[in-house]
>>> print(open('upload19.pdb').read())   # PDB, C-alpha atoms, pLDDT in the B column
ATOM      1  CA  MET A   1     162.486  53.247 120.387  1.00 66.00           C
ATOM      2  CA  GLN A   2     163.456  51.419 123.515  1.00 73.00           C
ATOM      3  CA  ALA A   3     164.080  47.664 123.560  1.00 77.00           C
ATOM      4  CA  ASN A   4     160.745  47.024 125.305  1.00 79.00           C
ATOM      5  CA  ASP A   5     158.926  48.927 122.590  1.00 81.00           C
ATOM      6  CA  VAL A   6     160.638  46.945 119.860  1.00 85.00           C
ATOM      7  CA  ARG A   7     159.716  43.673 121.591  1.00 87.00           C
ATOM      8  CA  LEU A   8     156.141  44.865 121.888  1.00 86.00           C
ATOM      9  CA  LEU A   9     156.063  45.843 118.218  1.00 89.00           C
ATOM     10  CA  LYS A  10     157.434  42.459 117.142  1.00 91.00           C
ATOM     11  CA  GLY A  11     155.005  40.669 119.458  1.00 90.00           C
ATOM     12  CA  ALA A  12     152.080  42.366 117.734  1.00 92.00           C
ATOM     13  CA  ALA A  13     153.369  42.599 114.157  1.00 94.00           C
ATOM     14  CA  ILE A  14     154.347  38.958 113.670  1.00 95.00           C
ATOM     15  CA  PRO A  15     150.931  37.448 114.553  1.00 95.00           C
ATOM     16  CA  THR A  16     149.263  40.175 112.499  1.00 96.00           C
ATOM     17  CA  ALA A  17     151.385  39.368 109.458  1.00 96.00           C
ATOM     18  CA  LEU A  18     150.643  35.645 109.812  1.00 97.00           C
ATOM     19  CA  ALA A  19     146.907  36.227 110.239  1.00 97.00           C
ATOM     20  CA  GLY A  20     146.935  38.680 107.335  1.00 96.00           C
ATOM     21  CA  LEU A  21     148.682  36.204 105.075  1.00 97.00           C
ATOM     22  CA  ALA A  22     146.088  33.574 105.991  1.00 97.00           C
ATOM     23  CA  VAL A  23     143.290  35.991 105.075  1.00 97.00           C
ATOM     24  CA  VAL A  24     145.036  36.817 101.778  1.00 97.00           C
ATOM     25  CA  VAL A  25     145.195  33.100 100.922  1.00 97.00           C
ATOM     26  CA  VAL A  26     141.529  32.548 101.811  1.00 97.00           C
ATOM     27  CA  ALA A  27     140.502  35.675  99.888  1.00 96.00           C
ATOM     28  CA  THR A  28     142.504  34.504  96.872  1.00 96.00           C
ATOM     29  CA  VAL A  29     140.726  31.148  96.905  1.00 96.00           C
ATOM     30  CA  LEU A  30     137.271  32.701  97.368  1.00 95.00           C
ATOM     31  CA  ALA A  31     137.512  35.855  95.240  1.00 92.00           C
ATOM     32  CA  GLY A  32     140.624  35.557  93.089  1.00 93.00           C
ATOM     33  CA  GLY A  33     143.069  38.387  92.511  1.00 94.00           C
ATOM     34  CA  LYS A  34     140.687  41.136  93.591  1.00 95.00           C
ATOM     35  CA  GLY A  35     140.124  39.351  96.895  1.00 95.00           C
ATOM     36  CA  ALA A  36     143.853  38.960  97.440  1.00 96.00           C
ATOM     37  CA  LEU A  37     144.411  42.646  96.699  1.00 96.00           C
ATOM     38  CA  GLY A  38     141.615  43.701  99.073  1.00 94.00           C
ATOM     39  CA  ALA A  39     142.961  41.497 101.863  1.00 95.00           C
ATOM     40  CA  ALA A  40     146.518  42.723 101.292  1.00 96.00           C
ATOM     41  CA  ILE A  41     145.364  46.333 101.473  1.00 95.00           C
ATOM     42  CA  GLY A  42     143.510  45.539 104.715  1.00 94.00           C
ATOM     43  CA  LEU A  43     146.656  43.975 106.184  1.00 96.00           C
ATOM     44  CA  LEU A  44     148.742  46.965 105.114  1.00 96.00           C
ATOM     45  CA  VAL A  45     146.316  49.543 106.526  1.00 94.00           C
ATOM     46  CA  VAL A  46     146.042  47.815 109.903  1.00 94.00           C
ATOM     47  CA  SER A  47     149.799  47.259 110.173  1.00 95.00           C
ATOM     48  CA  VAL A  48     150.665  50.849 109.292  1.00 94.00           C
ATOM     49  CA  PHE A  49     148.019  52.397 111.524  1.00 92.00           C
ATOM     50  CA  PHE A  50     148.867  50.361 114.613  1.00 92.00           C
ATOM     51  CA  THR A  51     152.616  50.778 114.081  1.00 93.00           C
ATOM     52  CA  VAL A  52     152.277  54.558 113.777  1.00 91.00           C
ATOM     53  CA  GLY A  53     150.274  54.663 117.016  1.00 89.00           C
ATOM     54  CA  LEU A  54     152.756  52.503 118.894  1.00 89.00           C
ATOM     55  CA  VAL A  55     155.765  54.495 117.676  1.00 89.00           C
ATOM     56  CA  ALA A  56     154.118  57.837 118.507  1.00 89.00           C
ATOM     57  CA  VAL A  57     153.224  56.732 122.036  1.00 87.00           C
ATOM     58  CA  SER A  58     156.685  55.212 122.495  1.00 87.00           C
ATOM     59  CA  TYR A  59     158.438  58.465 121.634  1.00 87.00           C
ATOM     60  CA  ALA A  60     155.994  60.552 123.660  1.00 88.00           C
ATOM     61  CA  SER A  61     156.510  58.328 126.710  1.00 82.00           C
ATOM     62  CA  ARG A  62     160.096  59.589 126.934  1.00 83.00           C
ATOM     63  CA  VAL A  63     158.806  63.130 127.419  1.00 85.00           C
ATOM     64  CA  SER A  64     156.138  62.666 130.091  1.00 83.00           C
ATOM     65  CA  PRO A  65     153.061  60.600 130.983  1.00 81.00           C
ATOM     66  CA  MET A  66     150.869  63.553 129.982  1.00 86.00           C
ATOM     67  CA  MET A  67     152.510  63.728 126.554  1.00 89.00           C
ATOM     68  CA  MET A  68     152.136  59.961 126.168  1.00 87.00           C
ATOM     69  CA  MET A  69     148.389  60.154 126.792  1.00 89.00           C
ATOM     70  CA  THR A  70     148.063  63.134 124.460  1.00 91.00           C
ATOM     71  CA  ALA A  71     149.924  61.269 121.719  1.00 90.00           C
ATOM     72  CA  ALA A  72     147.706  58.217 122.189  1.00 90.00           C
ATOM     73  CA  VAL A  73     144.481  60.220 121.935  1.00 93.00           C
ATOM     74  CA  VAL A  74     145.636  62.355 119.009  1.00 93.00           C
ATOM     75  CA  THR A  75     146.958  59.417 116.975  1.00 92.00           C
ATOM     76  CA  TYR A  76     143.724  57.514 117.675  1.00 90.00           C
ATOM     77  CA  ALA A  77     141.595  60.430 116.456  1.00 94.00           C
ATOM     78  CA  VAL A  78     143.739  60.945 113.353  1.00 93.00           C
ATOM     79  CA  LYS A  79     143.633  57.231 112.526  1.00 89.00           C
ATOM     80  CA  ILE A  80     139.836  57.092 112.879  1.00 90.00           C
ATOM     81  CA  LEU A  81     139.447  60.117 110.610  1.00 94.00           C
ATOM     82  CA  ALA A  82     141.879  58.629 108.088  1.00 91.00           C
ATOM     83  CA  VAL A  83     140.013  55.302 108.029  1.00 87.00           C
ATOM     84  CA  MET A  84     136.705  57.109 107.519  1.00 89.00           C
ATOM     85  CA  ALA A  85     138.218  59.129 104.674  1.00 92.00           C
ATOM     86  CA  MET A  86     139.656  55.982 103.080  1.00 86.00           C
ATOM     87  CA  LEU A  87     136.359  54.136 103.340  1.00 83.00           C
ATOM     88  CA  LYS A  88     134.543  57.076 101.764  1.00 87.00           C
ATOM     89  CA  ALA A  89     137.135  57.457  99.003  1.00 86.00           C
ATOM     90  CA  PHE A  90     137.067  53.759  98.104  1.00 83.00           C
ATOM     91  CA  GLU A  91     133.366  53.032  98.592  1.00 80.00           C
ATOM     92  CA  ASP A  92     132.850  52.604  94.839  1.00 83.00           C
ATOM     93  CA  ALA A  93     136.223  51.033  94.089  1.00 83.00           C
ATOM     94  CA  THR A  94     136.205  48.014  91.814  1.00 87.00           C
ATOM     95  CA  ALA A  95     139.945  47.285  91.782  1.00 89.00           C
ATOM     96  CA  PHE A  96     139.698  45.111  94.889  1.00 91.00           C
ATOM     97  CA  GLU A  97     137.091  43.138  96.802  1.00 89.00           C
ATOM     98  CA  PRO A  98     135.769  45.304  99.677  1.00 89.00           C
ATOM     99  CA  LYS A  99     134.588  42.300 101.712  1.00 89.00           C
ATOM    100  CA  ALA A 100     138.095  40.855 101.656  1.00 93.00           C
ATOM    101  CA  PHE A 101     139.430  44.229 102.771  1.00 92.00           C
ATOM    102  CA  GLY A 102     136.922  44.331 105.636  1.00 90.00           C
ATOM    103  CA  TRP A 103     137.585  40.792 106.811  1.00 94.00           C
ATOM    104  CA  ALA A 104     141.338  41.330 106.640  1.00 95.00           C
ATOM    105  CA  ALA A 105     141.032  44.546 108.646  1.00 93.00           C
ATOM    106  CA  ILE A 106     138.932  42.816 111.322  1.00 94.00           C
ATOM    107  CA  VAL A 107     141.135  39.725 111.574  1.00 96.00           C
ATOM    108  CA  CYS A 108     144.371  41.747 111.571  1.00 95.00           C
ATOM    109  CA  THR A 109     143.044  44.168 114.186  1.00 94.00           C
ATOM    110  CA  LEU A 110     142.150  41.268 116.458  1.00 95.00           C
ATOM    111  CA  ALA A 111     145.539  39.629 115.859  1.00 96.00           C
ATOM    112  CA  TRP A 112     147.374  42.896 116.601  1.00 94.00           C
ATOM    113  CA  THR A 113     145.377  43.478 119.771  1.00 93.00           C
ATOM    114  CA  VAL A 114     145.953  39.959 121.086  1.00 95.00           C
ATOM    115  CA  GLY A 115     149.652  40.114 120.162  1.00 94.00           C
ATOM    116  CA  GLU A 116     150.049  43.483 121.863  1.00 90.00           C
ATOM    117  CA  MET A 117     148.277  42.286 125.016  1.00 91.00           C
ATOM    118  CA  ARG A 118     150.472  39.177 125.108  1.00 92.00           C
ATOM    119  CA  GLY A 119     153.546  41.359 124.577  1.00 87.00           C
ATOM    120  CA  PHE A 120     152.590  43.646 127.458  1.00 84.00           C
ATOM    121  CA  MET A 121     152.081  40.663 129.759  1.00 86.00           C
ATOM    122  CA  LYS A 122     155.477  39.212 128.833  1.00 85.00           C
ATOM    123  CA  LEU A 123     157.341  42.518 129.386  1.00 79.00           C
ATOM    124  CA  LYS A 124     156.762  42.408 133.153  1.00 71.00           C
ATOM    125  CA  MET A 125     157.244  46.163 133.429  1.00 68.00           C
ATOM    126  CA  LEU A 126     156.645  47.698 136.836  1.00 62.00           C
ATOM    127  CA  TYR A 127     153.846  50.220 136.862  1.00 64.00           C
ATOM    128  CA  VAL A 128     154.278  51.122 140.525  1.00 62.00           C
ATOM    129  CA  ASP A 129     157.362  51.638 142.663  1.00 58.00           C
ATOM    130  CA  PRO A 130     157.669  48.422 144.708  1.00 63.00           C
ATOM    131  CA  GLU A 131     159.217  50.341 147.609  1.00 68.00           C
ATOM    132  CA  GLY A 132     156.457  52.948 147.715  1.00 62.00           C
ATOM    133  CA  ARG A 133     158.657  55.991 147.115  1.00 60.00           C
ATOM    134  CA  VAL A 134     157.136  59.103 145.632  1.00 58.00           C
ATOM    135  CA  PRO A 135     158.955  60.358 142.526  1.00 58.00           C
ATOM    136  CA  GLY A 136     160.777  63.629 143.066  1.00 59.00           C
ATOM    137  CA  GLN A 137     161.286  63.121 146.793  1.00 59.00           C
ATOM    138  CA  GLY A 138     164.577  62.066 148.290  1.00 55.00           C
ATOM    139  CA  ASP A 139     165.102  58.708 149.948  1.00 53.00           C
ATOM    140  CA  SER A 140     163.645  59.061 153.451  1.00 51.00           C
ATOM    141  CA  ARG A 141     165.361  56.093 155.044  1.00 50.00           C
TER     142      ARG A 141
END
>>> encode(input="upload19.pdb", output="structure tokens")
Amino acid sequence: MQANDVRLLKGAAIPTALAGLAVVVVATVLAGGKGALGAAIGLLVVSVFFTVGLVAVSYASRVSPMMMMTAAVVTYAVKILAVMAMLKAFEDATAFEPKAFGWAAIVCTLAWTVGEMRGFMKLKMLYVDPEGRVPGQGDSR
């Protein structure tokens, strides 16, 4: 991973961890150990899924913009299918509180998204060539 990608990952992961820990504390107070476990699982699922997506897109971006977009779409589709499979597999689970899991997933997703957007804004990466040159063509000056 490049330094920008690591900064972006830290910028999203830290607020997510803090928000997730807050949800775990609230879930512990409201629902006891099962609530804490559900919230912790929600935090873990969101953190792993978003990290996998970011790492996949980061590595694919070194290959080409087309590969980067393909990696983003494929990882998104796989993650959606995996979440659906997890929800189906654990729909009758009694080991943890499903509401705590759901709230943790929502809060952590929002925290990750806001952290990632803030990270992108702070990177100040150029997305156009400021001198207007076309890639692949020699300097015409």
>>> closest_atom_pairs(input="upload19.pdb", of="segment 37-104 of chain A", to="segment 1-12 of chain A", cutoff="10 Å", atoms="all atoms listed in the file", output="Markdown table")
| residue | atom | partner | partner_atom | distance |
| --- | --- | --- | --- | --- |
| A:Ser47 | CA | A:Ala12 | CA | 9.3 |
| A:Phe50 | CA | A:Ala12 | CA | 9.2 |
| A:Thr51 | CA | A:Leu9 | CA | 7.3 |
| A:Leu54 | CA | A:Leu9 | CA | 7.5 |
| A:Val55 | CA | A:Met1 | CA | 7.4 |
| A:Ala56 | CA | A:Met1 | CA | 9.7 |
| A:Val57 | CA | A:Asp5 | CA | 9.7 |
| A:Ser58 | CA | A:Met1 | CA | 6.5 |
| A:Tyr59 | CA | A:Met1 | CA | 6.7 |
| A:Arg62 | CA | A:Met1 | CA | 9.4 |
>>> residues_near_point(input="upload19.pdb", point="(142.1, 42.7, 112.5)", cutoff="12 Å", atoms="only C-alpha atoms", output="number ranges by chain")
A: 12-13, 15-23, 39, 42-47, 49-50, 100-115
>>> atom_distance(input="upload19.pdb", atom1="atom CA of Phe96 of chain A", atom2="atom CA of Leu37 of chain A")
5.6 Å
>>> closest_residue(input="upload19.pdb", among="A:Leu81, A:Glu97, A:Met69, A:Glu91", to="Thr28 of chain A", atoms="only C-alpha atoms")
A:Glu97
>>> closest_residue(input="upload19.pdb", among="A:Ala60, A:Leu123, A:Val48, A:Ala36", to="Ala82 of chain A", atoms="only C-alpha atoms")
A:Val48
>>> atom_distance(input="upload19.pdb", atom1="atom CA of Gly38 of chain A", atom2="atom CA of Leu87 of chain A")
12.4 Å
>>> atom_distance(input="upload19.pdb", atom1="atom CA of Phe120 of chain A", atom2="atom CA of Ala72 of chain A")
16.2 Å
